[in-house]
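Shown here: start-v6.txt, compact mmCIF, C-alpha atoms and all ligand atoms.
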# COMPACT_ATOMS: atom_id res chain seq x y z
CA MET A 1 30.21 103.07 45.96
CA LYS A 2 31.31 101.02 48.97
CA LYS A 3 29.78 97.50 49.10
CA ILE A 4 30.92 95.53 52.11
CA LEU A 5 30.69 91.82 52.94
CA VAL A 6 31.17 90.77 56.58
CA VAL A 7 31.95 87.06 56.88
CA GLY A 8 31.27 85.57 60.34
CA SER A 9 28.72 88.29 61.05
CA SER A 10 26.72 86.34 63.66
CA GLY A 11 29.60 86.19 66.15
CA GLN A 12 30.75 88.42 69.02
CA ILE A 13 32.46 91.04 66.81
CA GLY A 14 30.34 90.65 63.67
CA THR A 15 27.08 91.40 65.45
CA GLU A 16 28.32 94.84 66.45
CA LEU A 17 30.53 95.53 63.43
CA VAL A 18 27.64 95.04 60.98
CA LEU A 19 25.47 97.51 62.92
CA GLU A 20 28.19 100.18 62.97
CA LEU A 21 29.14 99.68 59.31
CA ARG A 22 25.45 100.00 58.38
CA ASN A 23 25.16 103.21 60.44
CA ARG A 24 28.10 104.69 58.60
CA PHE A 25 27.71 103.38 55.06
CA GLY A 26 24.01 102.48 54.70
CA THR A 27 22.06 99.33 55.53
CA GLN A 28 21.88 98.00 51.97
CA ASN A 29 25.63 98.53 51.41
CA VAL A 30 26.66 96.05 54.11
CA VAL A 31 25.94 92.35 53.53
CA ALA A 32 26.12 90.14 56.61
CA SER A 33 27.08 86.47 56.12
CA ASP A 34 27.68 83.44 58.28
CA ILE A 35 27.07 79.68 58.38
CA ARG A 36 24.40 80.41 60.99
CA LYS A 37 21.76 83.11 61.23
CA PRO A 38 22.16 85.56 64.14
CA GLU A 39 19.80 85.24 67.11
CA SER A 40 17.84 88.26 65.92
CA LEU A 41 18.29 89.14 62.26
CA PRO A 42 18.74 92.93 61.93
CA GLU A 43 17.37 94.85 58.96
CA GLY A 44 19.63 94.45 55.90
CA PRO A 45 20.95 91.79 53.54
CA PHE A 46 22.12 88.42 54.94
CA GLU A 47 23.64 85.48 53.06
CA GLU A 48 24.24 81.98 54.40
CA LEU A 49 27.86 81.41 53.42
CA ASP A 50 30.59 78.91 54.32
CA ILE A 51 33.87 80.80 53.84
CA MET A 52 35.65 77.57 52.95
CA ASN A 53 33.54 77.35 49.77
CA ALA A 54 35.34 79.65 47.30
CA GLU A 55 32.65 79.24 44.62
CA VAL A 56 29.81 80.33 46.88
CA LEU A 57 31.96 83.22 48.16
CA SER A 58 32.56 84.39 44.56
CA ALA A 59 28.85 84.11 43.77
CA VAL A 60 27.88 86.22 46.82
CA VAL A 61 30.56 88.82 46.00
CA SER A 62 29.36 89.04 42.41
CA LYS A 63 25.62 89.08 43.31
CA HIS A 64 26.07 92.11 45.61
CA GLY A 65 28.92 93.86 43.76
CA ILE A 66 31.12 93.57 46.87
CA ASN A 67 34.38 95.56 46.92
CA GLU A 68 35.45 95.21 50.61
CA VAL A 69 35.48 92.10 52.80
CA TYR A 70 35.77 91.93 56.59
CA LEU A 71 36.71 88.30 57.32
CA LEU A 72 35.80 87.34 60.91
CA ALA A 73 35.04 83.61 60.57
CA ALA A 74 37.55 81.56 62.59
CA LEU A 75 37.85 79.14 65.49
CA LEU A 76 39.13 80.93 68.61
CA SER A 77 41.86 79.75 70.96
CA ALA A 78 40.07 77.39 73.36
CA THR A 79 37.81 75.78 70.74
CA ALA A 80 40.73 75.44 68.32
CA GLU A 81 42.76 73.43 70.86
CA LYS A 82 39.95 70.84 70.87
CA ASN A 83 40.06 70.43 67.08
CA PRO A 84 43.47 71.59 65.83
CA GLU A 85 43.29 70.26 62.27
CA PHE A 86 39.87 71.73 61.59
CA ALA A 87 40.92 75.05 63.18
CA TRP A 88 43.94 75.24 60.87
CA LYS A 89 41.76 74.41 57.85
CA LEU A 90 39.06 76.98 58.62
CA ASN A 91 41.41 79.76 59.72
CA MET A 92 43.71 79.39 56.70
CA GLU A 93 41.34 78.39 53.85
CA GLY A 94 38.96 81.24 54.67
CA LEU A 95 41.83 83.72 54.49
CA PHE A 96 43.20 82.36 51.19
CA ASN A 97 39.74 82.44 49.60
CA VAL A 98 39.38 86.14 50.43
CA LEU A 99 43.00 87.14 49.66
CA ASN A 100 42.74 85.44 46.26
CA LEU A 101 39.66 87.53 45.37
CA ALA A 102 41.73 90.62 46.17
CA LYS A 103 44.72 89.31 44.21
CA ASP A 104 42.42 88.81 41.19
CA LYS A 105 41.15 92.42 41.67
CA VAL A 106 37.57 91.23 42.23
CA ILE A 107 37.57 93.10 45.56
CA LYS A 108 39.64 96.15 46.55
CA LYS A 109 40.20 95.89 50.29
CA VAL A 110 40.34 93.21 53.00
CA PHE A 111 40.12 93.35 56.79
CA TRP A 112 41.39 90.28 58.61
CA PRO A 113 41.88 90.18 62.39
CA SER A 114 44.93 88.70 64.04
CA SER A 115 45.29 88.30 67.80
CA ILE A 116 47.57 88.60 70.83
CA ALA A 117 47.77 84.80 70.37
CA VAL A 118 50.53 85.31 67.76
CA PHE A 119 52.89 85.78 70.71
CA GLY A 120 54.19 82.87 72.78
CA PRO A 121 56.05 81.92 75.94
CA THR A 122 59.37 83.30 74.63
CA THR A 123 57.90 86.74 73.84
CA PRO A 124 58.54 89.58 76.34
CA ARG A 125 55.27 89.68 78.35
CA VAL A 126 55.22 93.30 79.49
CA ASN A 127 54.46 96.00 76.93
CA THR A 128 55.02 93.46 74.16
CA PRO A 129 56.58 95.32 71.20
CA GLN A 130 55.23 95.34 67.64
CA PHE A 131 58.28 93.45 66.38
CA THR A 132 59.59 90.77 68.72
CA VAL A 133 60.06 87.02 69.22
CA MET A 134 56.94 85.17 68.03
CA GLU A 135 56.72 81.47 68.86
CA PRO A 136 53.01 80.80 69.53
CA SER A 137 52.22 77.51 71.27
CA THR A 138 48.52 77.18 70.34
CA VAL A 139 47.06 76.10 66.99
CA TYR A 140 45.05 79.33 67.00
CA GLY A 141 48.22 81.41 67.47
CA ILE A 142 50.07 79.42 64.81
CA SER A 143 47.21 80.02 62.33
CA LYS A 144 47.11 83.75 63.14
CA LEU A 145 50.89 84.14 62.77
CA ALA A 146 50.83 82.24 59.46
CA GLY A 147 47.88 84.41 58.38
CA GLU A 148 49.86 87.56 59.16
CA ARG A 149 52.78 86.37 57.06
CA TRP A 150 50.42 85.56 54.15
CA CYS A 151 48.74 88.98 54.41
CA GLU A 152 52.13 90.68 54.16
CA TYR A 153 53.14 88.40 51.29
CA TYR A 154 49.97 89.16 49.30
CA ALA A 155 50.40 92.89 49.99
CA LYS A 156 54.04 92.94 48.83
CA GLN A 157 53.87 90.42 45.96
CA TYR A 158 50.44 91.18 44.51
CA GLY A 159 49.64 94.68 45.78
CA VAL A 160 46.66 93.45 47.84
CA ASP A 161 45.26 96.11 50.19
CA VAL A 162 44.84 94.06 53.37
CA ARG A 163 44.61 95.62 56.82
CA SER A 164 44.90 93.84 60.13
CA ILE A 165 44.87 94.35 63.89
CA ARG A 166 46.03 92.01 66.65
CA TYR A 167 42.91 92.26 68.80
CA PRO A 168 43.26 91.78 72.54
CA GLY A 169 40.45 89.91 74.38
CA LEU A 170 37.21 91.69 73.50
CA ILE A 171 34.53 92.46 76.04
CA SER A 172 30.92 93.09 75.03
CA TYR A 173 27.32 92.45 76.09
CA THR A 174 25.45 92.21 72.76
CA SER A 175 26.64 88.77 71.69
CA LEU A 176 28.45 86.08 73.71
CA PRO A 177 32.11 85.31 72.98
CA GLY A 178 32.82 82.30 70.79
CA GLY A 179 35.25 80.04 72.71
CA GLY A 180 38.36 82.04 73.62
CA THR A 181 40.69 82.20 76.60
CA THR A 182 39.65 85.77 77.43
CA ASP A 183 35.92 84.83 77.69
CA TYR A 184 36.05 84.80 81.50
CA ALA A 185 36.12 88.62 81.45
CA VAL A 186 32.67 88.59 79.83
CA ASP A 187 31.27 85.61 81.78
CA ILE A 188 32.03 87.30 85.11
CA PHE A 189 29.35 89.95 84.44
CA TYR A 190 26.66 87.32 83.75
CA SER A 191 27.40 85.64 87.10
CA ALA A 192 27.38 88.99 88.90
CA LYS A 193 24.01 89.92 87.40
CA LYS A 194 22.57 86.47 88.25
CA LYS A 195 23.97 86.91 91.79
CA GLU A 196 25.85 83.61 91.42
CA LYS A 197 29.35 82.79 92.65
CA PHE A 198 31.71 83.07 89.65
CA SER A 199 33.99 80.14 88.86
CA CYS A 200 36.99 81.59 87.02
CA PHE A 201 38.94 79.27 84.70
CA LEU A 202 42.12 81.37 85.09
CA LYS A 203 44.23 82.05 88.18
CA GLU A 204 43.63 85.32 90.01
CA ASP A 205 46.98 86.88 89.07
CA THR A 206 46.96 86.22 85.29
CA PRO A 207 47.22 89.54 83.43
CA LEU A 208 45.89 89.68 79.86
CA PRO A 209 45.37 92.51 77.36
CA MET A 210 41.65 93.29 76.90
CA MET A 211 39.46 95.89 75.19
CA TYR A 212 35.87 97.11 75.28
CA MET A 213 34.08 96.25 72.01
CA GLU A 214 33.27 99.84 71.05
CA ASP A 215 37.00 100.62 70.99
CA ALA A 216 37.65 97.52 68.86
CA ILE A 217 34.93 98.39 66.34
CA ARG A 218 36.25 101.95 66.05
CA ALA A 219 39.80 100.67 65.53
CA THR A 220 38.58 98.23 62.86
CA ILE A 221 36.76 100.87 60.83
CA ASP A 222 39.51 103.46 61.40
CA ILE A 223 42.23 101.20 60.01
CA MET A 224 40.04 100.34 57.01
CA GLU A 225 39.23 103.99 56.31
CA ALA A 226 42.80 105.31 56.78
CA PRO A 227 44.63 106.38 53.58
CA GLU A 228 46.55 103.38 52.22
CA GLU A 229 49.96 105.07 52.62
CA GLN A 230 49.41 105.30 56.40
CA ILE A 231 49.17 101.51 56.70
CA LYS A 232 52.88 100.81 56.77
CA ILE A 233 52.66 97.44 58.55
CA LYS A 234 51.14 94.91 56.19
CA SER A 235 51.16 91.95 58.61
CA SER A 236 49.14 93.20 61.61
CA TYR A 237 49.20 96.05 64.13
CA ASN A 238 49.49 95.64 67.92
CA LEU A 239 46.44 97.22 69.58
CA ALA A 240 46.10 97.93 73.30
CA GLY A 241 43.15 98.74 75.52
CA ILE A 242 43.22 97.75 79.19
CA SER A 243 45.33 95.06 80.87
CA PHE A 244 44.02 93.40 84.03
CA THR A 245 44.00 90.19 86.04
CA PRO A 246 40.88 88.22 87.11
CA GLU A 247 41.32 89.58 90.63
CA GLU A 248 41.44 93.18 89.36
CA ILE A 249 38.24 92.86 87.34
CA TYR A 250 36.56 90.98 90.22
CA ASN A 251 37.39 93.88 92.56
CA GLU A 252 35.89 96.30 90.06
CA VAL A 253 32.68 94.25 89.73
CA ARG A 254 32.42 93.98 93.54
CA LYS A 255 32.19 97.78 93.71
CA LEU A 256 28.93 97.40 91.74
CA SER A 257 27.73 94.21 93.49
CA PRO A 258 29.31 94.10 96.97
CA ASP A 259 28.21 90.50 97.84
CA PHE A 260 29.60 89.04 94.62
CA GLU A 261 31.91 86.03 95.18
CA ILE A 262 34.56 84.36 93.03
CA GLU A 263 36.45 81.04 93.11
CA TYR A 264 39.46 80.16 90.97
CA LYS A 265 39.45 76.80 89.16
CA PRO A 266 42.11 77.04 86.44
CA ASP A 267 41.67 74.59 83.53
CA PHE A 268 43.49 73.99 80.21
CA ARG A 269 43.01 77.66 79.28
CA GLN A 270 45.49 78.69 82.02
CA ALA A 271 48.40 77.36 79.93
CA ILE A 272 47.14 79.34 76.92
CA ALA A 273 46.87 82.54 78.97
CA ASP A 274 50.33 81.96 80.48
CA SER A 275 51.80 81.90 76.97
CA TRP A 276 50.31 85.29 76.00
CA PRO A 277 51.43 88.85 76.79
CA GLY A 278 50.14 90.67 79.84
CA SER A 279 50.23 94.07 78.15
CA ILE A 280 50.84 95.42 74.64
CA ASP A 281 52.79 98.33 73.16
CA ASP A 282 50.60 99.77 70.38
CA SER A 283 52.69 102.86 69.61
CA ARG A 284 52.94 101.97 65.88
CA ALA A 285 49.12 101.96 65.52
CA GLN A 286 49.05 105.32 67.32
CA GLU A 287 51.77 106.80 65.08
CA ASP A 288 50.67 105.36 61.73
CA TRP A 289 46.88 105.75 61.75
CA GLY A 290 46.09 107.72 64.91
CA TRP A 291 44.73 104.93 67.16
CA LYS A 292 43.85 105.76 70.78
CA SER A 293 41.83 103.64 73.22
CA ARG A 294 39.01 105.42 75.11
CA TYR A 295 37.82 103.01 77.83
CA ASN A 296 39.45 102.15 81.16
CA LEU A 297 38.62 99.24 83.48
CA SER A 298 36.16 101.19 85.60
CA ASP A 299 34.23 102.46 82.50
CA LEU A 300 34.15 98.96 81.09
CA ALA A 301 32.88 97.37 84.31
CA GLN A 302 30.15 99.97 84.70
CA ILE A 303 28.93 99.62 81.10
CA MET A 304 28.99 95.82 81.18
CA PHE A 305 27.24 95.60 84.54
CA ASN A 306 24.51 98.00 83.42
CA ASN A 307 23.89 96.32 80.06
CA VAL A 308 24.35 92.56 80.43
CA GLN A 309 20.90 90.89 80.15
CA VAL A 310 20.33 87.69 82.16
P1 LIG B 401 32.99 84.29 67.10
O1 LIG B 401 33.34 82.85 67.31
O2 LIG B 401 32.10 84.96 68.08
O3 LIG B 401 32.33 84.47 65.65
C1 LIG B 401 32.83 83.82 64.50
C2 LIG B 401 31.67 83.63 63.55
O4 LIG B 401 32.16 82.93 62.41
C3 LIG B 401 30.52 82.78 64.13
O5 LIG B 401 29.29 83.46 64.04
C4 LIG B 401 30.54 81.52 63.29
O6 LIG B 401 29.24 80.97 63.07
C5 LIG B 401 31.15 82.03 62.00
N1 LIG B 401 31.76 80.95 61.21
C6 LIG B 401 32.39 79.85 61.65
N2 LIG B 401 32.76 79.09 60.61
C7 LIG B 401 32.33 79.73 59.50
C8 LIG B 401 32.44 79.43 58.14
N3 LIG B 401 32.99 78.30 57.70
N4 LIG B 401 31.92 80.29 57.24
C9 LIG B 401 31.31 81.45 57.67
N5 LIG B 401 31.18 81.76 58.97
C10 LIG B 401 31.69 80.91 59.87
O7 LIG B 401 34.36 85.08 66.92
P2 LIG B 401 34.64 86.63 67.16
O8 LIG B 401 35.00 86.80 68.58
O9 LIG B 401 33.57 87.44 66.57
O10 LIG B 401 36.00 86.78 66.34
C11 LIG B 401 36.03 87.20 65.00
C12 LIG B 401 37.48 87.24 64.55
O11 LIG B 401 38.23 88.10 65.42
C13 LIG B 401 38.19 85.89 64.57
O12 LIG B 401 39.09 85.84 63.48
C14 LIG B 401 38.97 85.92 65.85
O13 LIG B 401 40.11 85.12 65.79
C15 LIG B 401 39.34 87.39 65.94
N6 LIG B 401 39.64 87.80 67.31
C16 LIG B 401 38.65 87.85 68.24
C17 LIG B 401 38.95 88.22 69.55
C18 LIG B 401 37.90 88.30 70.62
O14 LIG B 401 38.22 88.53 71.79
N7 LIG B 401 36.61 88.16 70.28
C19 LIG B 401 40.28 88.53 69.90
C20 LIG B 401 41.27 88.40 68.92
C21 LIG B 401 40.94 88.07 67.62
N1 LIG B 402 39.89 86.45 72.66
C1 LIG B 402 40.66 85.60 71.83
C2 LIG B 402 40.80 84.26 72.44
O1 LIG B 402 40.82 84.18 73.65
C3 LIG B 402 42.03 86.18 71.60
O2 LIG B 402 42.34 86.04 70.27
O3 LIG B 402 40.90 83.30 71.72

This entry written out as structure tokens:
Amino acid sequence: MKKILVVGSSGQIGTELVLELRNRFGTQNVVASDIRKPESLPEGPFEELDIMNAEVLSAVVSKHGINEVYLLAALLSATAEKNPEFAWKLNMEGLFNVLNLAKDKVIKKVFWPSSIAVFGPTTPRVNTPQFTVMEPSTVYGISKLAGERWCEYYAKQYGVDVRSIRYPGLISYTSLPGGGTTDYAVDIFYSAKKKEKFSCFLKEDTPLPMMYMEDAIRATIDIMEAPEEQIKIKSSYNLAGISFTPEEIYNEVRKLSPDFEIEYKPDFRQAIADSWPGSIDDSRAQEDWGWKSRYNLSDLAQIMFNNVQV
């Protein structure tokens, strides 16, 4: 019997992942957990849990008979730059606490997300390959790259079944993003719906890899449900959705709200975005476990515009 724990369940991804996991595997078989309660608590078990506390984590795992953990708790790129030491501590300690439960055979399977932030200014920016130069320049990227290496190490040394995706910037309307460099691509829809001028913190011609949340949730559950022998990359898989610049998404939103205006006021997040790829080659995810993105920019803009609540 599958018993899943989602750690960081009140955030942008967790809010939607918990709902989909509960649809597929049953409400009582998916335990949500976070240091904060979600804005509206859905039906189903919830535990207040700080992932840095290994004892409390073990107690929750034992109480619910958990055998799979999806670890989402982390500080994202922009927030992490404001508190680098804490970001390193949270992003690494949380991962070790979960990997060690798998090493000790208390749990069977782990999902841990990496990010496009593992790449850096010396990485080829167009169609960034799965295996390439990786010299991240942010604390977030450094923690994700280190996390990838530890996942592979635990898989190879201890036989831990850990699966990981390098998410692009994720775009959704259910829960707000938690302090990343790609957040502008969500914020733009709130301004459009409020009929306000949008102040974009990136320059108009900055391409970044992005993805609609439904695609990301499907990829997450697909990689976890794939037969173990298909998961040949034990660090993390490149994953691609749609690549666009602020100007391209603005033009798409203007088709839905013709008077919508934008101004560009780049801040410290511009340097982060400039160090990341503009587009991603995800052919290994396609070949190994059958990944394929379903949403293009026009679909995404339409769905976001129709669903964002202001
Ligand atoms: P988020 O900031 O929206 O949510 C993270 C959640 O973790 C929050 O609800 C927060 O309260 C919780 N949390 C923080 N510290 C905790 C702790 N000590 N113990 C338990 N919970 C804690 O982030 P998200 O966008 O949902 O991202 C989830 C994961 O996916 C992160 O690892 C992130 O790096 C990765 N990721 C996200 C994106 C994206 O665009 N959203 C892209 C790439 C990778
Ligand atoms: N969306 C994330 C961020 O901007 C990418 O990992 O931090």

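Comparing A:Pro38, A:Gly120, A:Pro113, A:Pro136 by their smallest distance to Ala216 (chain A), the closest is A:Pro113 (using only C-alpha atoms).
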
List every residue of chain A that has an atom at most 9 Å from any atom of ligand LIG 401 (chain B), giving for each one its closest atom pair and the distance in Å to one decimal, counting all atoms listed in the file, sorted by chain and then by ascending residue number, as a Markdown table.
| residue | atom | partner | partner_atom | distance |
| --- | --- | --- | --- | --- |
| A:Val7 | CA | B:LIG401 | C9 | 5.7 |
| A:Gly8 | CA | B:LIG401 | O4 | 3.5 |
| A:Ser9 | CA | B:LIG401 | O5 | 5.7 |
| A:Ser10 | CA | B:LIG401 | O5 | 3.9 |
| A:Gly11 | CA | B:LIG401 | O3 | 3.3 |
| A:Gln12 | CA | B:LIG401 | O2 | 3.8 |
| A:Ile13 | CA | B:LIG401 | O9 | 3.8 |
| A:Gly14 | CA | B:LIG401 | O9 | 5.4 |
| A:Thr15 | CA | B:LIG401 | O9 | 7.7 |
| A:Ser33 | CA | B:LIG401 | C9 | 6.7 |
| A:Asp34 | CA | B:LIG401 | N5 | 3.9 |
| A:Ile35 | CA | B:LIG401 | N5 | 4.6 |
| A:Arg36 | CA | B:LIG401 | O6 | 5.3 |
| A:Lys37 | CA | B:LIG401 | O6 | 8.0 |
| A:Pro38 | CA | B:LIG401 | O5 | 7.4 |
| A:Glu48 | CA | B:LIG401 | C9 | 7.8 |
| A:Leu49 | CA | B:LIG401 | C9 | 5.5 |
| A:Asp50 | CA | B:LIG401 | N4 | 3.5 |
| A:Ile51 | CA | B:LIG401 | N4 | 4.0 |
| A:Met52 | CA | B:LIG401 | N3 | 5.5 |
| A:Asn53 | CA | B:LIG401 | N3 | 8.0 |
| A:Leu71 | CA | B:LIG401 | O12 | 7.0 |
| A:Leu72 | CA | B:LIG401 | C12 | 4.0 |
| A:Ala73 | CA | B:LIG401 | O4 | 3.5 |
| A:Ala74 | CA | B:LIG401 | O12 | 4.6 |
| A:Leu75 | CA | B:LIG401 | O1 | 6.1 |
| A:Leu76 | CA | B:LIG401 | O13 | 5.1 |
| A:Ser77 | CA | B:LIG401 | O13 | 7.7 |
| A:Leu90 | CA | B:LIG401 | N3 | 6.3 |
| A:Asn91 | CA | B:LIG401 | O12 | 7.5 |
| A:Gly94 | CA | B:LIG401 | N3 | 7.3 |
| A:Trp112 | CA | B:LIG401 | O12 | 7.0 |
| A:Pro113 | CA | B:LIG401 | O11 | 5.2 |
| A:Ser114 | CA | B:LIG401 | C21 | 5.4 |
| A:Ser115 | CA | B:LIG401 | C20 | 4.2 |
| A:Ile116 | CA | B:LIG401 | C20 | 6.6 |
| A:Ala117 | CA | B:LIG401 | C20 | 7.6 |
| A:Tyr140 | CA | B:LIG401 | O13 | 7.7 |
| A:Lys144 | CA | B:LIG401 | O13 | 7.6 |
| A:Ile165 | CA | B:LIG401 | C21 | 8.3 |
| A:Arg166 | CA | B:LIG401 | C20 | 6.4 |
| A:Tyr167 | CA | B:LIG401 | C20 | 4.2 |
| A:Pro168 | CA | B:LIG401 | C19 | 5.1 |
| A:Gly169 | CA | B:LIG401 | O14 | 3.7 |
| A:Leu170 | CA | B:LIG401 | O14 | 3.7 |
| A:Ile171 | CA | B:LIG401 | O14 | 6.9 |
| A:Ser172 | CA | B:LIG401 | N7 | 8.9 |
| A:Ser175 | CA | B:LIG401 | O2 | 7.6 |
| A:Leu176 | CA | B:LIG401 | O2 | 6.8 |
| A:Pro177 | CA | B:LIG401 | O2 | 4.9 |
| A:Gly178 | CA | B:LIG401 | O1 | 3.6 |
| A:Gly179 | CA | B:LIG401 | O1 | 6.4 |
| A:Gly180 | CA | B:LIG401 | O14 | 6.7 |
| A:Thr181 | CA | B:LIG401 | O14 | 8.3 |
| A:Thr182 | CA | B:LIG401 | O14 | 6.4 |
| A:Asp183 | CA | B:LIG401 | O14 | 7.3 |
| A:Met210 | CA | B:LIG401 | O14 | 7.8 |
| A:Met211 | CA | B:LIG401 | O14 | 8.2 |
| A:Met213 | CA | B:LIG401 | N7 | 8.7 |

**Prompt:** Mind pulling up the distance from CA of Ala240 (chain A) to CA of Asp267 (chain A)?
**Reply:**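 Computing the Euclidean distance for CA of Asp267 (chain A) and CA of Ala240 (chain A) yields 25.9 Å.
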
**Item:** Using only C-alpha atoms: which of A:Pro129, A:Gln157, A:Tyr250, A:Lys193 has the shortest distance to Arg284 (chain A)
**Value:** A:Pro129

**Nearest to ligand LIG 402 (chain B), chosen from A:Asn296, A:Thr79, A:Asn67, A:Ser257, with only C-alpha atoms and all ligand atoms counted in the distances** = A:Thr79

**Message:** Need to verify the contact set: Ile4 (chain A), 6 Å, all atoms listed in the file, exclusion of same-chain residues closer than 2 positions in sequence. Can you return it as a ChimeraX atom specification?
**Reply:** /A:30,66,68-69

**Prompt:** Any idea what the distance is between CA of Pro207 (chain A) and CA of Gly278 (chain A)?
**Reply:**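 About the pair CA of Pro207 (chain A) and CA of Gly278 (chain A): they are 4.8 Å apart.
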
**Prompt:** What does the distance between CA of Met1 (chain A) and CA of Asp104 (chain A) come to in Å, to one decimal place?
**Reply:**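 For CA of Met1 (chain A) relative to CA of Asp104 (chain A), the distance reads 19.4 Å.
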
**Item:** Neighbour residues at most 12 Å from (44.7, 75.2, 84.4) (all atoms listed in the file) as a list in words
**Value:**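 Collected hits near the coordinates: Thr181, Cys200, Phe201, Leu202, Lys203, Glu204, Thr206, Tyr264, Lys265, Pro266, Asp267, Phe268, Arg269, Gln270, Ala271, Ile272, Ala273 and Asp274 of chain A.
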
**Prompt:** In terms of the shortest atom-to-atom distance over only C-alpha atoms, which of A:Phe119, A:Ile280, A:Asp299, A:Ser58 is closest to Pro209 (chain A)?
**Reply:**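 Smallest separation from Pro209 (chain A) among the options: A:Ile280.
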
**Complete:** Residue with the minimum atom-to-atom distance to ligand LIG 402 (chain B), picked from A:Gln302, A:Gln309, A:Ser143, A:Ser235 with all atoms listed in the file counted, is A:Ser143

**From A:Asn307, A:Ser293, A:Gln286, A:Ser236, residue lying nearest Arg163 (chain A) [all atoms listed in the file]** =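 Using all atoms listed in the file, Arg163 (chain A) sits closest to A:Ser236.
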
**Request:** Can you pull out every residue within 9 Å of Asp282 (chain A), counting all atoms listed in the file, but drop anything in the same chain fewer than 4 positions away, and send it as a PyMOL selection string?
**Result:** chain A and resi 127-130+237-240+286-287+291

Can you sort out the box for region 159-162 of chain A, edges along x, y and z, all listed atoms in, 3 Å on every side, with centre and edge lengths in Å to one decimal, as lines of an AutoDock Vina configuration file?
center_x = 47.2
center_y = 94.8
center_z = 49.6
size_x = 10.8
size_y = 8.7
size_z = 13.6

All heavy atoms restored at region 207-211 of chain A, emitted as an mmCIF file, in the frame of the given file:
data_model
loop_
_atom_site.group_PDB
_atom_site.id
_atom_site.type_symbol
_atom_site.label_atom_id
_atom_site.label_comp_id
_atom_site.auth_asym_id
_atom_site.auth_seq_id
_atom_site.Cartn_x
_atom_site.Cartn_y
_atom_site.Cartn_z
ATOM 1 N N PRO A 207 47.574 88.332 84.193
ATOM 2 C CA PRO A 207 47.220 89.540 83.430
ATOM 3 C C PRO A 207 47.064 89.225 81.936
ATOM 4 O O PRO A 207 47.828 88.435 81.387
ATOM 5 C CB PRO A 207 48.437 90.458 83.649
ATOM 6 C CG PRO A 207 49.571 89.525 83.909
ATOM 7 C CD PRO A 207 49.015 88.262 84.483
ATOM 8 N N LEU A 208 46.063 89.829 81.319
ATOM 9 C CA LEU A 208 45.890 89.680 79.860
ATOM 10 C C LEU A 208 45.446 91.023 79.279
ATOM 11 O O LEU A 208 44.739 91.789 79.943
ATOM 12 C CB LEU A 208 44.811 88.631 79.539
ATOM 13 C CG LEU A 208 45.209 87.166 79.686
ATOM 14 C CD1 LEU A 208 43.992 86.261 79.509
ATOM 15 C CD2 LEU A 208 46.290 86.778 78.678
ATOM 16 N N PRO A 209 45.824 91.286 78.027
ATOM 17 C CA PRO A 209 45.370 92.510 77.360
ATOM 18 C C PRO A 209 43.902 92.342 76.920
ATOM 19 O O PRO A 209 43.552 91.330 76.319
ATOM 20 C CB PRO A 209 46.268 92.616 76.123
ATOM 21 C CG PRO A 209 47.294 91.546 76.256
ATOM 22 C CD PRO A 209 46.739 90.506 77.170
ATOM 23 N N MET A 210 43.089 93.339 77.207
ATOM 24 C CA MET A 210 41.650 93.290 76.900
ATOM 25 C C MET A 210 41.224 94.620 76.286
ATOM 26 O O MET A 210 41.951 95.611 76.354
ATOM 27 C CB MET A 210 40.835 93.078 78.179
ATOM 28 C CG MET A 210 41.207 91.847 78.967
ATOM 29 S SD MET A 210 40.402 90.378 78.284
ATOM 30 C CE MET A 210 40.820 89.189 79.560
ATOM 31 N N MET A 211 39.969 94.649 75.790
ATOM 32 C CA MET A 211 39.460 95.890 75.190
ATOM 33 C C MET A 211 37.934 95.864 75.159
ATOM 34 O O MET A 211 37.339 94.812 74.873
ATOM 35 C CB MET A 211 40.007 96.012 73.762
ATOM 36 C CG MET A 211 39.538 97.250 73.031
ATOM 37 S SD MET A 211 40.346 97.386 71.425
ATOM 38 C CE MET A 211 41.944 97.981 71.908
#
